[in-house]
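Have a look at my_file-v7.txt below; it lists compact mmCIF, C-alpha atoms.
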# COMPACT_ATOMS: atom_id res chain seq x y z
CA MET A 1449 -40.12 24.54 152.86
CA LYS A 1450 -39.01 27.37 155.14
CA THR A 1451 -38.25 29.84 152.33
CA THR A 1452 -41.59 29.27 150.62
CA LYS A 1453 -43.58 29.69 153.84
CA LYS A 1454 -41.70 32.92 154.59
CA ILE A 1455 -42.52 34.40 151.19
CA LEU A 1456 -46.22 33.54 151.58
CA ALA A 1457 -46.31 35.01 155.09
CA LEU A 1458 -44.76 38.25 153.85
CA ALA A 1459 -47.67 38.80 151.46
CA VAL A 1460 -50.10 38.82 154.38
CA ILE A 1461 -47.86 41.00 156.55
CA ILE A 1462 -47.31 43.60 153.85
CA SER A 1463 -51.01 43.83 152.94
CA GLY A 1464 -51.93 44.34 156.58
CA LEU A 1465 -49.20 46.92 157.09
CA ILE A 1466 -50.39 49.19 154.31
CA PHE A 1467 -54.12 48.64 154.83
CA GLN A 1468 -54.06 49.29 158.58
CA SER A 1469 -51.45 52.04 158.71
CA CYS A 1470 -52.15 54.16 155.63
CA GLN A 1471 -55.79 55.06 156.15
CA LYS A 1472 -57.65 56.86 153.42
CA ASN A 1473 -58.35 59.86 155.64
CA ASP A 1474 -54.58 60.47 155.80
CA ILE A 1475 -54.64 61.45 152.11
CA GLU A 1476 -55.92 64.76 150.86
CA PRO A 1477 -58.92 64.45 148.49
CA THR A 1478 -58.11 65.46 144.93
CA GLY A 1479 -61.50 65.68 143.25
CA GLN A 1480 -60.26 63.29 140.59
CA ASN A 1481 -61.54 59.76 139.99
CA GLU A 1482 -58.73 58.15 138.04
CA ASN A 1483 -56.50 55.87 140.08
CA ILE A 1484 -52.90 56.18 138.92
CA LEU A 1485 -51.82 52.77 140.26
CA PRO A 1486 -51.59 49.96 137.69
CA GLU A 1487 -54.56 47.56 137.74
CA ARG A 1488 -52.38 44.46 137.20
CA PHE A 1489 -48.78 43.49 137.79
CA LYS A 1490 -48.63 39.71 137.42
CA VAL A 1491 -49.18 36.79 135.01
CA ASP A 1492 -50.89 33.80 136.66
CA ILE A 1493 -49.22 30.40 136.17
CA PRO A 1494 -51.23 27.13 135.93
CA SER A 1495 -50.90 24.92 139.01
CA SER A 1496 -49.74 22.07 136.76
CA ILE A 1497 -46.31 23.76 136.60
CA SER A 1498 -46.46 25.91 139.76
CA SER A 1499 -47.25 24.26 143.07
CA VAL A 1500 -45.90 23.88 146.57
CA SER A 1501 -47.89 20.70 147.24
CA TYR A 1502 -44.78 18.54 146.93
CA TYR A 1503 -41.73 18.65 149.13
CA LYS A 1504 -39.38 15.77 149.86
CA ASP A 1505 -37.05 15.96 152.84
CA ALA A 1506 -33.41 15.75 151.79
CA ASN A 1507 -32.79 13.06 154.40
CA VAL A 1508 -35.36 10.58 152.99
CA ASP A 1509 -33.28 9.23 150.13
CA THR A 1510 -31.59 10.34 146.93
CA LEU A 1511 -33.79 12.33 144.56
CA GLN A 1512 -35.18 10.55 141.53
CA GLY A 1513 -36.11 12.11 138.21
CA ASN A 1514 -39.73 12.84 139.02
CA ASP A 1515 -38.61 14.45 142.28
CA ILE A 1516 -36.47 16.89 140.29
CA TYR A 1517 -39.49 17.81 138.16
CA GLU A 1518 -41.66 18.32 141.25
CA HIS A 1519 -39.05 20.54 142.88
CA MET A 1520 -39.12 22.67 139.72
CA ARG A 1521 -42.84 23.28 140.32
CA THR A 1522 -42.03 24.44 143.85
CA PHE A 1523 -39.31 26.82 142.69
CA ILE A 1524 -41.64 28.32 140.06
CA TYR A 1525 -44.24 28.68 142.82
CA VAL A 1526 -41.76 30.64 144.97
CA GLY A 1527 -41.19 33.06 142.08
CA GLU A 1528 -44.89 33.42 141.39
CA HIS A 1529 -45.63 34.31 145.00
CA ALA A 1530 -42.88 36.90 145.08
CA ALA A 1531 -44.93 38.55 142.31
CA ASP A 1532 -48.06 38.09 144.45
CA ILE A 1533 -46.47 40.18 147.21
CA VAL A 1534 -45.96 43.13 144.86
CA GLY A 1535 -49.47 42.67 143.48
CA GLU A 1536 -50.91 42.75 147.02
CA ILE A 1537 -49.13 46.01 147.76
CA ILE A 1538 -50.40 47.66 144.59
CA LEU A 1539 -53.94 46.39 145.18
CA VAL A 1540 -54.14 47.63 148.76
CA ILE A 1541 -52.64 51.03 147.94
CA SER A 1542 -55.06 51.36 145.00
CA TRP A 1543 -58.00 51.18 147.42
CA HIS A 1544 -57.02 54.68 148.54
CA ASN A 1545 -57.76 56.01 145.04
CA LEU A 1546 -54.45 57.79 144.63
CA SER A 1547 -55.02 60.05 141.67
CA GLN A 1548 -51.99 62.35 141.65
CA PRO A 1549 -48.36 62.57 142.80
CA MET A 1550 -48.12 63.05 146.57
CA SER A 1551 -46.15 62.17 149.70
CA PHE A 1552 -47.24 61.15 153.17
CA THR A 1553 -45.96 59.40 156.30
CA PHE A 1554 -47.57 56.80 158.53
CA ILE A 1555 -46.71 54.58 161.49
CA SER A 1556 -46.80 50.87 160.74
CA ASP A 1557 -49.08 48.84 162.99
CA ASP A 1558 -46.85 45.81 162.36
CA ASP A 1559 -43.41 47.06 163.38
CA GLY A 1560 -44.35 50.40 164.99
CA ARG A 1561 -41.95 52.28 162.72
CA GLU A 1562 -42.47 55.36 160.57
CA LYS A 1563 -42.83 54.71 156.83
CA HIS A 1564 -42.67 57.42 154.17
CA VAL A 1565 -44.42 57.21 150.79
CA VAL A 1566 -43.51 59.41 147.80
CA ILE A 1567 -45.22 59.29 144.40
CA VAL A 1568 -43.76 61.41 141.60
CA GLU A 1569 -44.26 61.84 137.86
CA ASN A 1570 -41.68 61.47 135.07
CA ALA A 1571 -39.02 59.29 136.68
CA SER A 1572 -36.09 57.88 134.73
CA PHE A 1573 -34.81 54.38 135.47
CA GLU A 1574 -32.59 52.09 133.39
CA GLY A 1575 -32.65 54.42 130.40
CA TYR A 1576 -36.44 54.73 130.24
CA ASN A 1577 -38.68 57.62 131.32
CA TRP A 1578 -41.56 56.22 133.36
CA GLN A 1579 -44.88 57.95 133.86
CA TYR A 1580 -44.86 57.42 137.64
CA LYS A 1581 -42.57 56.30 140.46
CA MET A 1582 -43.53 55.32 144.00
CA THR A 1583 -40.99 54.85 146.81
CA ILE A 1584 -41.69 53.58 150.34
CA THR A 1585 -38.92 53.94 152.92
CA ASP A 1586 -38.51 52.89 156.53
CA GLU A 1587 -37.73 56.01 158.57
CA GLY A 1588 -37.05 54.48 161.99
CA PRO A 1589 -33.63 53.99 163.64
CA SER A 1590 -31.60 50.93 162.68
CA ASP A 1591 -28.69 48.97 164.10
CA ILE A 1592 -28.18 47.13 160.80
CA ASN A 1593 -26.21 48.60 157.89
CA ASN A 1594 -29.14 48.41 155.50
CA ASP A 1595 -30.53 50.83 152.93
CA ASN A 1596 -33.90 51.97 154.31
CA THR A 1597 -35.75 51.68 150.97
CA ALA A 1598 -38.59 49.16 151.25
CA LEU A 1599 -40.26 49.39 147.84
CA GLN A 1600 -39.89 51.14 144.51
CA ILE A 1601 -42.31 50.89 141.60
CA PHE A 1602 -41.84 52.55 138.22
CA TRP A 1603 -44.83 52.28 135.88
CA ASP A 1604 -46.80 53.47 132.87
CA LYS A 1605 -50.60 53.33 132.74
CA ASN A 1606 -51.31 52.69 129.06
CA PRO A 1607 -50.27 50.09 128.19
CA ILE A 1608 -49.55 48.87 131.71
CA LYS A 1609 -45.86 48.18 132.21
CA GLY A 1610 -43.44 48.67 135.04
CA ILE A 1611 -40.67 47.53 137.35
CA ALA A 1612 -41.17 46.85 141.06
CA MET A 1613 -38.43 46.14 143.60
CA LEU A 1614 -38.99 45.11 147.20
CA ASN A 1615 -36.92 44.58 150.34
CA PRO A 1616 -39.18 42.64 152.77
CA TYR A 1617 -37.10 43.52 155.84
CA ASN A 1618 -37.65 47.26 155.35
CA ILE A 1619 -41.36 46.76 154.74
CA ASP A 1620 -41.67 45.15 158.17
CA ARG A 1621 -38.71 45.21 160.57
CA THR A 1622 -40.20 42.35 162.59
CA THR A 1623 -39.06 40.17 159.68
CA ASP A 1624 -36.05 38.02 160.58
CA PRO A 1625 -32.88 40.13 160.00
CA GLU A 1626 -31.46 37.26 157.93
CA TYR A 1627 -33.72 38.63 155.18
CA ALA A 1628 -32.19 42.12 155.37
CA GLU A 1629 -30.36 41.58 152.06
CA THR A 1630 -33.21 39.76 150.28
CA MET A 1631 -34.53 41.56 147.21
CA TYR A 1632 -37.42 40.84 144.83
CA ARG A 1633 -37.87 42.42 141.42
CA ILE A 1634 -40.87 42.11 139.09
CA ASP A 1635 -40.76 43.42 135.50
CA TYR A 1636 -44.28 43.45 134.03
CA SER A 1637 -45.63 44.55 130.66
CA GLU A 1638 -48.75 44.43 128.51
CA GLY A 1639 -46.97 46.21 125.67
CA GLY A 1640 -46.16 43.10 123.63
CA GLU A 1641 -42.41 43.82 123.49
CA MET A 1642 -41.42 40.15 123.82
CA GLY A 1643 -44.11 38.61 121.65
CA TYR A 1644 -46.65 38.00 124.44
CA SER A 1645 -49.83 39.87 125.30
CA HIS A 1646 -48.69 39.92 128.94
CA HIS A 1647 -45.34 39.01 130.41
CA MET A 1648 -43.44 39.28 133.67
CA ILE A 1649 -39.87 38.59 134.73
CA VAL A 1650 -39.44 37.62 138.39
CA SER A 1651 -36.00 37.96 139.99
CA ILE A 1652 -35.09 37.09 143.59
CA ASP A 1653 -31.69 37.50 145.19
CA GLY A 1654 -30.23 37.18 148.67
CA LEU A 1655 -32.52 34.49 150.07
CA PRO A 1656 -30.80 33.00 153.14
CA LEU A 1657 -29.87 29.36 152.68
CA GLU A 1658 -31.22 26.72 155.02
CA ASP A 1659 -28.97 24.25 156.84
CA PRO A 1660 -27.81 21.72 154.19
CA LEU A 1661 -28.49 18.90 156.67
CA THR A 1662 -32.14 19.98 156.74
CA ASN A 1663 -32.64 21.07 153.14
CA GLN A 1664 -29.71 20.99 150.77
CA TYR A 1665 -31.91 22.13 147.89
CA SER A 1666 -32.88 25.56 149.27
CA LEU A 1667 -32.48 28.34 146.73
CA SER A 1668 -30.55 31.57 147.02
CA THR A 1669 -31.29 33.28 143.70
CA MET A 1670 -33.73 32.85 140.84
CA LYS A 1671 -34.96 34.50 137.69
CA MET A 1672 -37.84 33.41 135.49
CA PHE A 1673 -39.78 34.72 132.53
CA VAL A 1674 -43.55 34.16 132.27
CA GLY A 1675 -45.40 35.01 129.07
CA LYS A 1676 -49.12 34.77 128.28
CA ASN A 1677 -50.77 34.38 124.90
CA GLY A 1678 -54.41 33.42 125.05
CA ASP A 1679 -54.83 30.26 127.12
CA VAL A 1680 -51.14 29.31 127.11
CA ILE A 1681 -48.47 30.32 129.62
CA SER A 1682 -44.79 29.98 128.71
CA VAL A 1683 -42.18 29.86 131.48
CA TYR A 1684 -38.41 29.63 131.43
CA GLY A 1685 -35.71 30.42 133.94
CA ASN A 1686 -33.26 29.24 136.55
CA SER A 1687 -33.05 28.81 140.30
CA GLU A 1688 -29.66 28.58 142.00
CA HIS A 1689 -28.97 26.02 144.75
CA PRO A 1690 -25.40 26.39 146.08
CA ASN A 1691 -25.67 23.44 148.50
CA ALA A 1692 -27.38 20.98 146.16
CA THR A 1693 -25.65 17.62 145.68
CA PHE A 1694 -26.70 14.36 144.06
CA PHE A 1695 -24.36 11.33 144.00
CA THR A 1696 -20.73 12.45 143.82
CA GLY A 1697 -20.89 15.06 146.57
CA GLU A 1698 -20.19 17.87 144.12
CA ALA A 1699 -22.15 20.90 145.34
CA GLY A 1700 -23.68 23.83 143.49
CA PHE A 1701 -26.36 23.30 140.85
CA ASP A 1702 -28.83 25.33 138.86
CA TRP A 1703 -32.38 24.17 138.06
CA ALA A 1704 -32.61 25.39 134.45
CA PHE A 1705 -36.12 24.92 133.09
CA SER A 1706 -38.47 25.62 130.23
CA ALA A 1707 -42.17 24.91 130.69
CA ALA A 1708 -45.57 25.63 129.21
CA GLY A 1709 -49.07 25.15 130.56
CA LYS A 1710 -52.70 25.72 129.69
CA ASN A 1711 -54.98 27.56 132.08
CA SER A 1712 -58.21 25.97 130.83
CA THR A 1713 -57.12 22.34 131.20
CA ASP A 1714 -54.36 22.85 133.81
CA ILE A 1715 -51.85 20.64 132.03
CA GLY A 1716 -48.18 21.33 131.57
CA VAL A 1717 -44.92 20.18 129.96
CA ALA A 1718 -41.39 20.92 131.15
CA GLU A 1719 -37.74 20.24 130.48
CA VAL A 1720 -35.25 20.53 133.33
CA GLY A 1721 -31.48 20.75 133.20
CA LEU A 1722 -29.06 20.55 136.12
CA PRO A 1723 -25.98 22.51 135.07
CA SER A 1724 -23.38 23.76 137.51
CA ASN A 1725 -24.51 27.02 139.09
CA THR A 1726 -21.41 28.71 137.65
CA LEU A 1727 -21.63 27.30 134.10
CA ASN A 1728 -21.24 30.12 131.58
CA SER A 1729 -23.55 29.15 128.73
CA SER A 1730 -26.73 30.45 127.11
CA ASN A 1731 -27.02 27.50 124.71
CA ARG A 1732 -30.27 25.55 125.01
CA TYR A 1733 -28.66 22.23 124.03
CA THR A 1734 -25.95 22.67 126.66
CA LEU A 1735 -28.38 23.60 129.43
CA LEU A 1736 -31.23 21.18 128.78
CA VAL A 1737 -29.72 18.27 126.83
CA GLU A 1738 -26.07 17.91 127.80
CA ASN A 1739 -27.06 18.73 131.38
CA SER A 1740 -30.45 17.02 131.40
CA ILE A 1741 -31.54 15.18 134.54
CA GLU A 1742 -30.84 11.87 132.81
CA ALA A 1743 -27.38 12.92 131.61
CA VAL A 1744 -26.25 14.38 134.95
CA PHE A 1745 -27.58 11.47 137.00
CA THR A 1746 -26.11 8.86 134.65
CA GLU A 1747 -22.65 10.44 134.69
CA GLN A 1748 -22.61 10.78 138.48
CA ILE A 1749 -23.96 7.28 139.19
CA TYR A 1750 -21.28 5.60 137.07
CA ALA A 1751 -18.61 7.88 138.53
CA VAL A 1752 -19.43 6.60 142.02
CA TRP A 1753 -20.40 3.01 141.15
CA PRO A 1754 -18.63 2.10 137.87
CA TRP A 1755 -19.45 -1.60 138.39
CA ILE A 1756 -23.20 -1.07 138.78
CA ASP A 1757 -25.62 -3.17 136.71
CA PRO A 1758 -26.88 -1.04 133.76
CA GLU A 1759 -30.39 -2.47 134.16
CA THR A 1760 -30.48 -1.17 137.74
CA VAL A 1761 -29.42 2.27 136.53
CA GLU A 1762 -31.99 2.22 133.74
CA ALA A 1763 -34.76 1.32 136.17
CA TYR A 1764 -33.71 4.04 138.59
CA LEU A 1765 -33.59 6.65 135.85
CA TYR A 1766 -36.94 5.64 134.40
CA ASN A 1767 -38.61 8.99 135.19
CA THR A 1768 -35.69 11.20 134.19
CA GLU A 1769 -36.25 11.19 130.43
CA ALA A 1770 -37.30 14.59 129.09
CA PRO A 1771 -39.76 16.12 128.89
CA GLY A 1772 -41.94 15.76 131.97
CA PHE A 1773 -45.72 15.93 131.71
CA PHE A 1774 -47.98 17.35 134.39
CA SER A 1775 -51.61 17.70 135.38
CA SER A 1776 -53.16 19.67 138.24
CA GLY A 1777 -52.12 16.79 140.50
CA GLY A 1778 -48.45 17.06 139.59
CA PHE A 1779 -46.03 14.86 137.66
CA VAL A 1780 -47.75 12.37 135.35
CA GLN A 1781 -45.01 10.74 133.28
CA ARG A 1782 -41.88 11.40 131.28
CA GLY A 1783 -40.81 11.03 127.67
CA THR A 1784 -44.06 10.37 125.82
CA ALA A 1785 -47.13 12.60 126.02
CA PRO A 1786 -50.10 11.10 127.87
CA SER A 1787 -52.43 12.42 125.15
CA SER A 1788 -52.46 14.60 122.06
CA GLN A 1789 -53.62 17.66 124.04
CA TYR A 1790 -50.00 18.10 125.17
CA ASN A 1791 -48.59 18.33 121.63
CA SER A 1792 -48.94 22.08 121.20
CA LEU A 1793 -47.09 22.63 124.51
CA LEU A 1794 -44.21 20.46 123.28
CA ASN A 1795 -43.80 22.78 120.30
CA ILE A 1796 -43.75 25.81 122.60
CA ILE A 1797 -41.07 24.61 125.04
CA ALA A 1798 -38.80 23.66 122.13
CA GLY A 1799 -38.40 27.41 121.53
CA LEU A 1800 -37.73 28.40 125.16
CA THR A 1801 -34.20 28.68 126.61
CA PRO A 1802 -33.30 29.24 130.29
CA TYR A 1803 -30.95 32.02 131.34
CA ASN A 1804 -27.17 31.68 131.60
CA PRO A 1805 -26.45 30.06 135.04
CA ALA A 1806 -23.36 32.26 135.53
CA GLU A 1807 -25.53 35.36 135.09
CA ILE A 1808 -28.00 34.08 137.67
CA HIS A 1809 -25.10 33.38 140.03
CA ASP A 1810 -23.97 37.01 139.65
CA LEU A 1811 -27.49 38.50 139.77
CA GLU A 1812 -27.83 41.66 141.85
CA ILE A 1813 -31.00 43.65 142.47
CA VAL A 1814 -30.59 47.26 143.60
CA PHE A 1815 -32.92 50.20 144.13
CA ASP A 1816 -32.62 53.37 142.07

Can you give me the file's structure in the form of structure tokens?
Amino acid sequence: MKTTKKILALAVIISGLIFQSCQKNDIEPTGQNENILPERFKVDIPSSISSVSYYKDANVDTLQGNDIYEHMRTFIYVGEHAADIVGEIILVISWHNLSQPMSFTFISDDDGREKHVVIVENASFEGYNWQYKMTITDEGPSDINNDNTALQIFWDKNPIKGIAMLNPYNIDRTTDPEYAETMYRIDYSEGGEMGYSHHMIVSIDGLPLEDPLTNQYSLSTMKMFVGKNGDVISVYGNSEHPNATFFTGEAGFDWAFSAAGKNSTDIGVAEVGLPSNTLNSSNRYTLLVENSIEAVFTEQIYAVWPWIDPETVEAYLYNTEAPGFFSSGGFVQRGTAPSSQYNSLLNIIAGLTPYNPAEIHDLEIVFD
């Protein structure tokens, strides 16, 4: 998938940019040992519910239920690797042992442009006073009407919590200009505010859509919550797909999902709904039951082929029944748990509700 490969490539580009261009001897020694950068900024997701190993070309045939579940794993994977990009930046910068507020400028070895870094204390953002704020800006000339901010991170050290926002085009101007409006945002906390020992919220907006004839399921916007308690990871969220169609030709759907997985055994359980990408509802029953894969597919199949044999429909929809069960290898089966080790995950996803699709449709990520 073009979008997924681009996100993964950006992680490598960004790490190289900062590591090669911001050498430690460019920074004045402080005599202090404490690094002010946060040590962590991500919650890892089990591969059972986050993987890019599966991708089905839109031209092969119509998607079946298990295909919808597998695409969910890919969309979660895209969100997770947006968080990886921010984590890579923080990790590489932390190697320079930044121990106090400072500012400096460097020339990027990747795009040959001047980048400016500013770290300050006591920065207010979204009604909260953060301990630190770091901003990286692109300082070179531009022929595109684009804010030059590349990255902003607001954070506290103890407990670790923060907000990071990234524009990949301003990090490296050799990135395709079609990504000039793409924004990532990671909210991370170890403060327990939402009932988890660690949690992150990943938001992505402005991803350029692929040609619908090549991939009608490419995503433009997504938002997902990931919470960790012990061995269990809880995930819920939505990805928006404006060009997605199934049977009737109606376009514009939202993958609304709730999922849970175990790190130790790498198993997972998920429910997926396919509401309209402009549906205005935060009700779990509406999103995941009334708009379940089975319900949406059934309604559309009979709308197009009202005379179709019900047994044929039932056979086709065999893998659409919720929930879906996963192992490290991907989709296992639907409906009934393969073993009792999945039972605790079933209880968890019953309490998870995706976001309102209309809010995801209107999502906007902006720098301070």

*Taking (-39.7, 43.2, 146.4) in the file's coordinates as the center, which residues reach within 6 Å of it, counting all atoms listed in the file, put as a PyMOL selection string?*
chain A and resi 1613-1615+1631-1633

Restricting the output to C-alpha atoms, write the selected residues as an mmCIF file, in the coordinates of the input.
data_model
loop_
_atom_site.group_PDB
_atom_site.id
_atom_site.type_symbol
_atom_site.label_atom_id
_atom_site.label_comp_id
_atom_site.auth_asym_id
_atom_site.auth_seq_id
_atom_site.Cartn_x
_atom_site.Cartn_y
_atom_site.Cartn_z
ATOM 1 C CA MET A 1613 -38.430 46.140 143.600
ATOM 2 C CA LEU A 1614 -38.990 45.110 147.200
ATOM 3 C CA ASN A 1615 -36.920 44.580 150.340
ATOM 4 C CA MET A 1631 -34.530 41.560 147.210
ATOM 5 C CA TYR A 1632 -37.420 40.840 144.830
ATOM 6 C CA ARG A 1633 -37.870 42.420 141.420
#

_Separation of CA of Glu1626 (chain A) from CA of Met1582 (chain A) in Å_ =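 Spanning CA of Met1582 (chain A) to CA of Glu1626 (chain A) is a straight-line distance of 25.8 Å.
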
_I'd like the interatomic distance between CA of Thr1734 (chain A) and CA of Gly1721 (chain A), to a tenth of an Å._
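CA of Gly1721 (chain A) lies 8.8 Å from CA of Thr1734 (chain A).
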
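Straight-line separation from CA of Asn1767 (chain A) to CA of Asp1702 (chain A): 19.4 Å.
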
*Given only C-alpha atoms as the counted atoms, nearest of A:Thr1597, A:Thr1713, A:Asn1725, A:Thr1662 to Val1814 (chain A)*: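 For Val1814 (chain A), the nearest of the candidates is A:Thr1597.
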
*Go through A:Ala1598, A:Asp1714, A:Ser1551, A:Tyr1665 one by one, measure the shortest atom-to-atom distance of each to Ala1692 (chain A) using all atoms listed in the file, and give the residue with the smallest value.*
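So, comparing all the options, the nearest one is A:Tyr1665.
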
Taking all atoms of region 1494-1499 of chain A that appear in the file, build a box with edges along x, y and z, extend it by 5 Å on every side, and state its centre and edge lengths in Å to one decimal, as lines of an AutoDock Vina configuration file.
center_x = -48.8
center_y = 24.6
center_z = 139.5
size_x = 14.9
size_y = 15.1
size_z = 17.1

*Could you give me, as a PyMOL selection string, the residues that sit within 9 Å of (-41.7, 25.0, 130.8) in the file's coordinates, counting all atoms listed in the file?*
chain A and resi 1497+1681-1685+1705-1709+1716-1720+1793+1796-1797+1800

_Taking all atoms listed in the file into account, name the residue in A:Glu1487, A:Asp1620, A:Glu1762, A:Glu1562 that is nearest to Ile1538 (chain A)._
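Smallest separation from Ile1538 (chain A) among the options: A:Glu1487.
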
*Determine the nearest neighbour of His1809 (chain A) from the options A:Gly1678, A:Gly1783, A:Gly1654, A:Pro1616, counting all atoms listed in the file.*
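The answer is A:Gly1654, which sits nearest to His1809 (chain A).
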
*asked:* Would you pick out the contacts of region 1642-1649 of chain A at 8 Å or less, using all atoms listed in the file, so that residues sharing its chain but fewer than 3 positions from it are not included, and give the list as number ranges by chain?
replied: A: 1489-1491, 1633-1639, 1671-1678

Save the residues we just selected, C-alpha atoms, as an mmCIF file, in the frame of the given file?
data_model
loop_
_atom_site.group_PDB
_atom_site.id
_atom_site.type_symbol
_atom_site.label_atom_id
_atom_site.label_comp_id
_atom_site.auth_asym_id
_atom_site.auth_seq_id
_atom_site.Cartn_x
_atom_site.Cartn_y
_atom_site.Cartn_z
ATOM 1 C CA PHE A 1489 -48.780 43.490 137.790
ATOM 2 C CA LYS A 1490 -48.630 39.710 137.420
ATOM 3 C CA VAL A 1491 -49.180 36.790 135.010
ATOM 4 C CA ARG A 1633 -37.870 42.420 141.420
ATOM 5 C CA ILE A 1634 -40.870 42.110 139.090
ATOM 6 C CA ASP A 1635 -40.760 43.420 135.500
ATOM 7 C CA TYR A 1636 -44.280 43.450 134.030
ATOM 8 C CA SER A 1637 -45.630 44.550 130.660
ATOM 9 C CA GLU A 1638 -48.750 44.430 128.510
ATOM 10 C CA GLY A 1639 -46.970 46.210 125.670
ATOM 11 C CA LYS A 1671 -34.960 34.500 137.690
ATOM 12 C CA MET A 1672 -37.840 33.410 135.490
ATOM 13 C CA PHE A 1673 -39.780 34.720 132.530
ATOM 14 C CA VAL A 1674 -43.550 34.160 132.270
ATOM 15 C CA GLY A 1675 -45.400 35.010 129.070
ATOM 16 C CA LYS A 1676 -49.120 34.770 128.280
ATOM 17 C CA ASN A 1677 -50.770 34.380 124.900
ATOM 18 C CA GLY A 1678 -54.410 33.420 125.050
#

*Surrounding residues of region 1738-1753 of chain A excluding itself and chain neighbours under 3 positions, 10 Å, all atoms listed in the file, as an MDAnalysis selection string*: chainID A and resid 1511:1514 1516:1517 1694:1698 1703:1705 1719:1724 1732:1735 1756:1758 1761:1762 1764:1771
